[in-house]
$ cat coords03.txt   # compact mmCIF, C-alpha atoms
# COMPACT_ATOMS: atom_id res chain seq x y z
CA ALA A 22 -17.17 -9.30 23.30
CA SER A 23 -14.93 -10.08 26.27
CA ALA A 24 -14.12 -13.54 24.88
CA ARG A 25 -13.15 -12.01 21.54
CA ALA A 26 -11.01 -9.40 23.27
CA GLU A 27 -9.28 -12.15 25.24
CA ARG A 28 -8.59 -14.14 22.08
CA LEU A 29 -7.20 -11.08 20.32
CA GLY A 30 -5.06 -10.34 23.37
CA ARG A 31 -3.56 -13.81 23.21
CA ILE A 32 -2.88 -13.41 19.50
CA SER A 33 -1.19 -10.07 20.25
CA ALA A 34 1.01 -11.70 22.88
CA GLY A 35 1.90 -14.50 20.47
CA VAL A 36 2.74 -12.14 17.61
CA GLU A 37 4.85 -9.85 19.80
CA ALA A 38 6.76 -12.75 21.35
CA TRP A 39 7.30 -14.54 18.04
CA ALA A 40 8.51 -11.35 16.29
CA THR A 41 10.92 -10.53 19.11
CA ALA A 42 12.32 -14.06 19.18
CA THR A 43 12.70 -14.09 15.39
CA GLN A 44 14.76 -10.91 15.27
CA GLU A 45 16.83 -11.87 18.31
CA SER A 46 17.70 -15.19 16.66
CA LEU A 47 18.90 -13.36 13.54
CA SER A 48 21.08 -10.83 15.39
CA PRO A 49 24.34 -12.80 14.77
CA LEU A 50 23.84 -12.31 11.02
CA HIS A 51 24.10 -8.50 11.17
CA ALA A 52 27.90 -8.71 11.15
CA TRP A 53 27.75 -10.91 8.04
CA VAL A 54 25.39 -8.50 6.31
CA ALA A 55 27.91 -5.72 6.98
CA ARG A 56 30.75 -7.95 5.78
CA SER A 57 28.93 -8.69 2.52
CA ARG A 58 28.29 -4.98 1.94
CA ALA A 59 31.96 -4.16 2.51
CA ALA A 60 33.15 -6.99 0.25
CA LEU A 61 30.82 -5.87 -2.54
CA GLN A 62 32.11 -2.31 -2.11
CA VAL A 63 35.68 -3.49 -2.70
CA ALA A 64 34.73 -5.64 -5.69
CA ALA A 65 32.51 -3.05 -7.40
CA ALA A 66 35.19 -0.37 -6.97
CA ARG A 67 37.39 -2.30 -9.38
CA ILE A 68 34.87 -1.37 -12.09
CA TRP A 69 33.57 1.93 -10.71
CA PRO A 70 36.25 3.43 -8.39
CA ASP A 71 33.97 6.09 -6.90
CA CYS A 72 30.97 3.84 -6.19
CA THR A 73 29.44 3.19 -2.79
CA VAL A 74 27.32 0.28 -1.58
CA GLU A 75 24.46 0.48 0.90
CA VAL A 76 22.01 -1.95 2.44
CA TYR A 77 18.33 -1.19 1.90
CA GLY A 78 15.10 -3.14 2.27
CA SER A 79 14.12 -5.36 5.19
CA TRP A 80 17.58 -5.63 6.79
CA ALA A 81 18.00 -1.86 6.76
CA ALA A 82 14.48 -1.17 8.05
CA GLY A 83 14.65 -3.76 10.84
CA LEU A 84 11.99 -5.98 9.24
CA GLN A 85 14.20 -8.98 8.44
CA ALA A 86 12.89 -12.51 8.89
CA HIS A 87 14.45 -15.90 8.24
CA HIS A 88 13.61 -15.86 4.55
CA SER A 89 14.70 -12.25 3.93
CA ASP A 90 17.23 -11.48 1.22
CA VAL A 91 19.88 -8.83 1.85
CA ASP A 92 19.26 -5.97 -0.60
CA LEU A 93 22.46 -4.22 -1.70
CA LEU A 94 22.48 -1.08 -3.85
CA VAL A 95 25.56 0.07 -5.77
CA ARG A 96 25.54 3.83 -6.21
CA GLY A 97 27.83 5.71 -8.61
CA ALA A 98 28.02 2.89 -11.15
CA GLU A 99 26.51 5.02 -13.96
CA PRO A 100 25.02 2.03 -15.80
CA GLY A 101 23.73 4.31 -18.55
CA SER A 102 27.31 4.85 -19.74
CA CYS A 103 28.05 1.10 -19.95
CA ALA A 104 27.72 -0.95 -23.11
CA GLY A 105 24.37 -2.70 -22.85
CA GLY A 106 23.06 -0.22 -20.28
CA MET A 107 21.85 -1.55 -16.93
CA VAL A 108 21.92 -5.20 -17.96
CA GLY A 109 25.39 -4.82 -19.44
CA ALA A 110 26.72 -3.21 -16.26
CA LEU A 111 25.20 -5.95 -14.10
CA ARG A 112 26.61 -8.62 -16.41
CA GLU A 113 30.09 -7.10 -16.00
CA LEU A 114 29.70 -7.04 -12.22
CA ALA A 115 28.39 -10.62 -12.12
CA ALA A 116 31.40 -11.82 -14.15
CA LEU A 117 33.76 -10.11 -11.70
CA LEU A 118 31.97 -11.64 -8.70
CA GLU A 119 32.37 -15.15 -10.15
CA GLY A 120 35.96 -15.12 -8.95
CA GLU A 121 35.24 -13.89 -5.42
CA GLU A 122 35.50 -16.30 -2.48
CA TRP A 123 32.98 -14.47 -0.28
CA ILE A 124 30.09 -14.92 -2.73
CA SER A 125 28.65 -17.82 -4.72
CA GLN A 126 26.35 -18.31 -7.71
CA PRO A 127 26.02 -14.69 -8.88
CA THR A 128 23.18 -14.86 -11.41
CA LEU A 129 21.81 -12.05 -13.53
CA VAL A 130 18.02 -11.81 -13.36
CA SER A 131 16.47 -9.78 -16.18
CA ALA A 132 13.20 -8.31 -14.91
CA ARG A 133 11.45 -4.95 -14.70
CA VAL A 134 14.24 -4.04 -12.28
CA PRO A 135 17.19 -6.25 -13.26
CA LEU A 136 19.52 -7.44 -10.51
CA ILE A 137 22.08 -10.04 -9.50
CA LYS A 138 20.96 -12.82 -7.16
CA ALA A 139 23.75 -14.52 -5.22
CA PHE A 140 24.61 -16.15 -1.89
CA ALA A 141 27.14 -15.46 0.83
CA PRO A 142 28.29 -18.70 2.50
CA LEU A 143 28.03 -18.74 6.29
CA PRO A 144 30.06 -20.58 8.93
CA PRO A 145 28.46 -23.86 10.09
CA HIS A 146 27.17 -22.46 13.39
CA LEU A 147 25.23 -19.70 11.57
CA ALA A 148 24.04 -21.64 8.51
CA PRO A 149 20.77 -22.84 10.16
CA LEU A 150 19.56 -19.25 10.71
CA PRO A 151 18.46 -18.33 7.17
CA ARG A 152 16.04 -20.77 5.60
CA SER A 153 18.41 -21.41 2.68
CA GLY A 154 21.40 -22.05 4.94
CA ARG A 155 23.16 -19.16 3.21
CA LEU A 156 22.78 -15.41 3.18
CA ALA A 157 20.78 -14.60 0.04
CA LEU A 158 21.86 -11.38 -1.68
CA ASP A 159 20.00 -9.18 -4.18
CA ILE A 160 22.42 -6.73 -5.83
CA SER A 161 21.13 -3.82 -7.91
CA LEU A 162 22.57 -0.67 -9.44
CA ASP A 163 21.27 2.86 -8.94
CA ASP A 164 20.60 4.57 -12.25
CA GLY A 165 19.12 7.63 -10.57
CA GLY A 166 15.62 6.19 -10.46
CA HIS A 167 16.04 3.37 -7.95
CA ALA A 168 13.36 3.73 -5.26
CA GLY A 169 14.64 1.12 -2.80
CA ALA A 170 16.57 3.44 -0.50
CA SER A 171 13.79 6.05 -0.33
CA SER A 172 11.06 3.48 0.39
CA THR A 173 13.27 1.96 3.11
CA ALA A 174 13.78 5.38 4.71
CA PHE A 175 10.04 6.08 4.55
CA THR A 176 9.29 2.74 6.21
CA LYS A 177 11.95 3.12 8.90
CA ASP A 178 11.64 6.83 9.69
CA VAL A 179 7.93 7.53 9.11
CA LEU A 180 5.71 4.44 9.23
CA LEU A 181 7.36 2.30 11.92
CA PRO A 182 7.70 5.08 14.55
CA SER A 183 4.08 6.18 14.07
CA LEU A 184 2.52 2.68 14.04
CA PRO A 185 3.83 0.53 16.93
CA ALA A 186 1.97 -2.59 15.77
CA LEU A 187 3.41 -2.40 12.25
CA ARG A 188 6.75 -4.16 12.85
CA PRO A 189 5.44 -7.38 14.45
CA LEU A 190 2.46 -7.43 12.07
CA VAL A 191 4.68 -7.18 8.98
CA LEU A 192 7.11 -9.82 10.28
CA VAL A 193 4.32 -12.35 10.75
CA LEU A 194 2.74 -11.57 7.38
CA LYS A 195 6.05 -11.80 5.52
CA SER A 196 6.84 -15.15 7.11
CA LEU A 197 3.33 -16.45 6.43
CA LEU A 198 3.62 -15.54 2.74
CA ALA A 199 7.16 -16.94 2.54
CA SER A 200 5.88 -20.31 3.77
CA ARG A 201 4.05 -20.62 0.41
CA GLY A 202 6.62 -18.82 -1.76
CA LEU A 203 4.41 -15.73 -2.03
CA SER A 204 6.72 -13.10 -0.50
CA ASP A 205 8.65 -12.28 -3.67
CA GLY A 206 7.50 -9.94 -6.41
CA TYR A 207 9.61 -11.84 -8.95
CA THR A 208 7.34 -14.88 -8.53
CA GLY A 209 4.06 -12.94 -8.47
CA GLY A 210 3.77 -12.61 -4.71
CA LEU A 211 3.81 -9.48 -2.56
CA THR A 212 7.00 -7.48 -2.21
CA GLY A 213 8.14 -6.45 1.25
CA TYR A 214 7.20 -2.84 0.58
CA ALA A 215 3.72 -3.84 -0.62
CA ILE A 216 3.18 -5.81 2.60
CA VAL A 217 4.30 -2.81 4.66
CA LEU A 218 1.91 -0.43 2.88
CA MET A 219 -1.04 -2.86 3.03
CA ALA A 220 -0.49 -3.41 6.75
CA ALA A 221 -0.04 0.31 7.39
CA ALA A 222 -3.32 0.95 5.56
CA VAL A 223 -5.20 -1.33 7.96
CA LEU A 224 -3.67 0.44 10.97
CA GLN A 225 -4.16 3.97 9.62
CA HIS A 226 -7.74 3.23 8.61
CA HIS A 227 -8.47 2.22 12.20
CA GLU A 228 -6.86 5.42 13.49
CA ALA A 229 -8.88 7.54 11.06
CA SER A 230 -12.10 5.82 12.16
CA LEU A 231 -11.64 5.63 15.93
CA GLY A 232 -8.84 8.04 16.77
CA ARG A 233 -5.17 7.55 17.60
CA GLU A 234 -5.91 7.12 21.32
CA ARG A 235 -7.69 3.83 20.53
CA SER A 236 -4.74 2.08 18.90
CA LEU A 237 -5.34 -1.27 17.23
CA GLY A 238 -3.55 -4.13 18.99
CA VAL A 239 -1.40 -6.30 16.77
CA GLY A 240 -3.71 -9.30 17.29
CA ALA A 241 -6.72 -7.36 16.07
CA ALA A 242 -4.61 -5.86 13.29
CA LEU A 243 -3.56 -9.32 12.08
CA ALA A 244 -7.15 -10.55 12.07
CA CYS A 245 -8.28 -7.37 10.30
CA PHE A 246 -5.56 -7.69 7.64
CA LEU A 247 -6.50 -11.30 6.92
CA GLU A 248 -10.21 -10.43 6.77
CA THR A 249 -9.75 -7.31 4.63
CA TYR A 250 -7.57 -8.69 1.88
CA SER A 251 -8.90 -12.25 1.73
CA ARG A 252 -12.50 -11.29 1.00
CA ASP A 253 -13.91 -11.02 -2.50
CA PRO A 254 -13.62 -7.30 -3.36
CA ARG A 255 -16.83 -7.48 -5.39
CA HIS A 256 -18.71 -7.98 -2.12
CA ALA A 257 -16.80 -5.39 -0.08
CA HIS A 258 -19.35 -2.61 -0.58
CA ALA A 259 -18.03 -2.26 -4.15
CA PRO A 260 -20.06 -0.06 -6.49
CA HIS A 261 -19.23 -2.24 -9.50
CA ARG A 262 -18.76 -5.89 -10.41
CA HIS A 263 -15.21 -5.43 -11.72
CA ALA A 264 -13.66 -4.39 -8.41
CA VAL A 265 -10.17 -5.25 -7.16
CA HIS A 266 -8.45 -4.67 -3.84
CA ALA A 267 -6.53 -1.43 -3.48
CA VAL A 268 -4.56 0.66 -1.02
CA THR A 269 -4.83 4.36 -1.78
CA LEU A 270 -4.10 7.68 -0.11
CA ASP A 271 -7.04 9.61 1.34
CA ALA A 272 -7.38 13.39 1.55
CA GLY A 273 -5.27 13.39 4.71
CA ALA A 274 -2.44 11.47 3.00
CA ARG A 275 -3.26 8.36 5.04
CA LEU A 276 -3.12 4.92 3.48
CA GLN A 277 -6.55 3.28 3.33
CA PRO A 278 -7.70 -0.18 2.20
CA THR A 279 -10.39 0.14 -0.45
CA VAL A 280 -11.48 -1.24 -3.83
CA VAL A 281 -11.18 0.23 -7.31
CA CYS A 282 -12.57 -0.64 -10.71
CA ARG A 283 -10.40 -2.93 -12.82
CA SER A 284 -10.26 -0.20 -15.46
CA ASP A 285 -8.57 2.28 -13.08
CA PRO A 286 -5.55 3.68 -14.96
CA LEU A 287 -3.31 3.34 -11.88
CA LEU A 288 -4.01 -0.39 -11.84
CA GLY A 289 -2.44 -1.00 -15.23
CA GLY A 290 -4.10 -4.40 -15.60
CA ALA A 291 -2.64 -5.75 -12.34
CA PRO A 292 -4.85 -7.71 -9.89
CA LEU A 293 -3.94 -5.36 -7.01
CA LEU A 294 -3.36 -1.64 -6.55
CA VAL A 295 -1.02 -0.42 -3.80
CA GLN A 296 -0.36 3.28 -4.21
CA ASP A 297 3.13 4.39 -3.25
CA PRO A 298 3.03 7.46 -0.94
CA LEU A 299 6.38 8.54 -2.38
CA ASP A 300 5.16 8.33 -5.98
CA VAL A 301 1.40 8.20 -6.35
CA GLU A 302 1.71 7.03 -9.97
CA ASN A 303 3.62 3.94 -8.87
CA ASN A 304 1.62 0.76 -8.19
CA VAL A 305 3.69 -1.23 -5.69
CA GLY A 306 1.35 -4.18 -6.25
CA ALA A 307 1.92 -4.28 -10.01
CA SER A 308 4.03 -7.45 -9.87
CA ALA A 309 1.54 -9.41 -7.71
CA PHE A 310 0.07 -11.46 -10.57
CA ASN A 311 -0.36 -14.36 -8.14
CA PHE A 312 -2.55 -12.34 -5.75
CA PRO A 313 -5.43 -14.88 -5.95
CA SER A 314 -3.07 -17.42 -4.32
CA VAL A 315 -2.20 -14.82 -1.68
CA GLN A 316 -5.91 -14.42 -0.93
CA ARG A 317 -6.41 -18.16 -0.57
CA LEU A 318 -3.55 -18.32 1.90
CA LEU A 319 -4.96 -15.41 3.90
CA ARG A 320 -8.37 -17.13 4.12
CA GLU A 321 -6.75 -20.34 5.33
CA ALA A 322 -4.64 -18.43 7.86
CA LEU A 323 -7.70 -16.62 9.23
CA GLU A 324 -9.47 -19.93 9.83
CA ARG A 325 -6.41 -21.51 11.47
CA LEU A 326 -5.79 -18.44 13.60
CA ASP A 327 -9.35 -18.44 14.92
CA THR A 328 -9.15 -22.13 15.77
CA ALA A 329 -5.74 -21.80 17.41
CA SER A 330 -6.77 -18.79 19.52
CA CYS A 331 -9.83 -20.63 20.82
CA CYS A 332 -7.74 -23.69 21.71
CA ALA A 333 -5.09 -21.53 23.36
CA ALA A 334 -7.73 -19.78 25.45
CA GLY A 335 -9.07 -23.14 26.61
CA GLU A 336 -5.59 -24.34 27.56
CA ALA A 337 -4.92 -21.10 29.42
CA ASP A 338 -8.04 -21.61 31.50
CA ALA A 339 -6.61 -24.94 32.63
CA ARG A 340 -3.32 -23.31 33.75
CA ALA A 341 -3.00 -21.49 37.03
CA ASP A 342 -0.85 -18.73 35.55
CA GLY A 343 -3.11 -18.01 32.60
CA GLY A 344 -0.40 -19.00 30.09
CA THR A 345 2.71 -17.22 28.83
CA SER A 346 3.55 -15.21 25.77
CA GLY A 347 6.09 -17.90 24.91
CA ALA A 348 3.34 -20.50 24.72
CA ASP A 349 1.22 -18.08 22.69
CA ALA A 350 4.13 -17.60 20.28
CA ILE A 351 4.48 -21.36 19.78
CA ALA A 352 0.75 -21.73 19.17
CA LEU A 353 0.83 -18.87 16.68
CA ALA A 354 3.81 -20.37 14.82
CA GLU A 355 2.12 -23.76 14.60
CA ALA A 356 -1.17 -22.26 13.43
CA LEU A 357 0.38 -20.14 10.67
CA SER A 358 3.25 -22.48 9.69
CA LEU A 359 5.86 -19.95 10.81
CA ASP A 360 9.45 -20.66 11.83
CA ARG A 361 9.33 -21.71 15.47
CA HIS A 362 11.41 -19.98 18.12
CA GLU A 363 10.84 -20.78 21.75
CA PRO A 364 11.62 -17.53 23.57
CA GLN A 365 13.11 -17.50 27.04
CA GLU A 366 10.38 -17.02 29.60
CA GLY A 367 12.01 -14.03 31.29
CA ALA A 368 12.73 -12.24 28.04
CA MET A 369 9.16 -12.46 26.82
CA SER A 370 7.16 -11.89 29.98
CA ASP A 371 6.68 -8.18 29.40
CA CYS A 372 5.23 -8.36 25.87
CA PRO A 373 2.18 -6.08 25.47
CA ARG A 374 -1.20 -7.68 25.08
CA GLY A 375 -4.19 -6.44 23.13
$ encode --input "coords03.txt" --output "structure tokens"
Amino acid sequence: ASARAERLGRISAGVEAWATATQESLSPLHAWVARSRAALQVAAARIWPDCTVEVYGSWAAGLQAHHSDVDLLVRGAEPGSCAGGMVGALRELAALLEGEEWISQPTLVSARVPLIKAFAPLPPHLAPLPRSGRLALDISLDDGGHAGASSTAFTKDVLLPSLPALRPLVLVLKSLLASRGLSDGYTGGLTGYAIVLMAAAVLQHHEASLGRERSLGVGAALACFLETYSRDPRHAHAPHRHAVHAVTLDAGARLQPTVVCRSDPLLGGAPLLVQDPLDVENNVGASAFNFPSVQRLLREALERLDTASCCAAGEADARADGGTSGADAIALAEALSLDRHEPQEGAMSDCPRG
């Protein structure tokens, strides 16, 4: 038990250090996110004079990683009054943006929630920060039913303050999934909000079982997430053969990882159910048609994480100082194929463990 606790403590130190270094390395991009929002505001106002533009999603919630798009929402566009509705309004905006110097390749994507995908060029000294070398933008219009801003506020104002391990846990999971192209709902992976709710379910389930005073360290939470969602749901104490993974709300309005029958009406034929606390009829996992690939990646990551933590513990025994969180972060990044950031020793020495 003590050996396992030590390994989980080292994983916690690695996750905390890696997450901190990741967000510190991206801090110069905040000004460019704000600049893109302001430029879109000016451009969109030529079509809709009273519109406003806001940032939502990972950059607004403080959950941005190197692969994260900047989500921009145009309010006051009234797409319902435009010829062609939402798609027509977006097409008009995309045509206008074609002539703007601050943005490149505006492309209309017709999906369940249509949007414009584009890029904001960066100066040479900042280009290496995002994986694409440019700031990726997702531009959408609010038709009165857009849930992005409300889910961002719920994440930022409710979940993150109440679950200290959630931020570093989500950052690692998002980057892990991005390494295989599985962090985008448009390609059948998990959306950022789905990852947040699935991770919060693991943490809240632990609190409901053992009490808030026995908080789950981020290392144990990462291992628990990988174990929970990688296993075959038909063998997870499921009462039926046609079970699928689910995150649902319990009687206390807490998110809980569970399984449901494939015929559950909330599932809607999707391979995963993630119930939205803001709209219980909404399945946030509905677009995750590639969830079997997500599960394979989680199984691989669990095996690599266990091997890496054992190796790191052995190396720590050979060092007089017992190792550093910076070294743990590097080992974690190598094990899970994450972007590597070597944090400054002084800046990372106080990261919590366990």
$ residues_near_point --input "coords03.txt" --point "(18.3, -23.0, 7.2)" --cutoff "12 Å" --atoms "all atoms listed in the file" --output "ChimeraX atom specification"
/A:47,86-89,142-143,145-157,360
$ closest_atom_pairs --input "coords03.txt" --of "stretch 253-311 of chain A" --to "stretch 174-185 of chain A" --cutoff "12 Å" --atoms "only C-alpha atoms" --output "JSON lines"
{"residue": "A:Arg275", "atom": "CA", "partner": "A:Leu180", "partner_atom": "CA", "distance": 10.6}
{"residue": "A:Leu276", "atom": "CA", "partner": "A:Leu180", "partner_atom": "CA", "distance": 10.5}
{"residue": "A:Asp297", "atom": "CA", "partner": "A:Phe175", "partner_atom": "CA", "distance": 10.6}
{"residue": "A:Pro298", "atom": "CA", "partner": "A:Phe175", "partner_atom": "CA", "distance": 9.0}
{"residue": "A:Leu299", "atom": "CA", "partner": "A:Phe175", "partner_atom": "CA", "distance": 8.2}
{"residue": "A:Asp300", "atom": "CA", "partner": "A:Phe175", "partner_atom": "CA", "distance": 11.8}
$ residues_around --input "coords03.txt" --residues "stretch 235-252 of chain A" --least-positions-apart "2" --cutoff "9 Å" --atoms "only C-alpha atoms" --output "MDAnalysis selection string"
chainID A and resid 26 28:37 184:187 189:190 193:194 219:220 223:224 227:228 231:233 254:257 266 278 313 315:320 322:323 326:327 373:375
$ residues_around --input "coords03.txt" --residues "stretch 203-215 of chain A" --least-positions-apart "4" --cutoff "7 Å" --atoms "all atoms listed in the file" --output "tab-separated table (two decimals) with C-alpha atoms, keeping the file's coordinate frame"
chain	number	residue	atom	x	y	z
A	195	LYS	CA	6.05	-11.80	5.52
A	198	LEU	CA	3.62	-15.54	2.74
A	199	ALA	CA	7.16	-16.94	2.54
A	219	MET	CA	-1.04	-2.86	3.03
A	295	VAL	CA	-1.02	-0.42	-3.80
A	305	VAL	CA	3.69	-1.23	-5.69
A	306	GLY	CA	1.35	-4.18	-6.25
A	308	SER	CA	4.03	-7.45	-9.87
A	309	ALA	CA	1.54	-9.41	-7.71
A	310	PHE	CA	0.07	-11.46	-10.57
A	311	ASN	CA	-0.36	-14.36	-8.14
A	312	PHE	CA	-2.55	-12.34	-5.75
A	315	VAL	CA	-2.20	-14.82	-1.68
$ atom_distance --input "coords03.txt" --atom1 "atom CA of A:Ser23" --atom2 "atom CA of A:Ala38"
22.4 Å
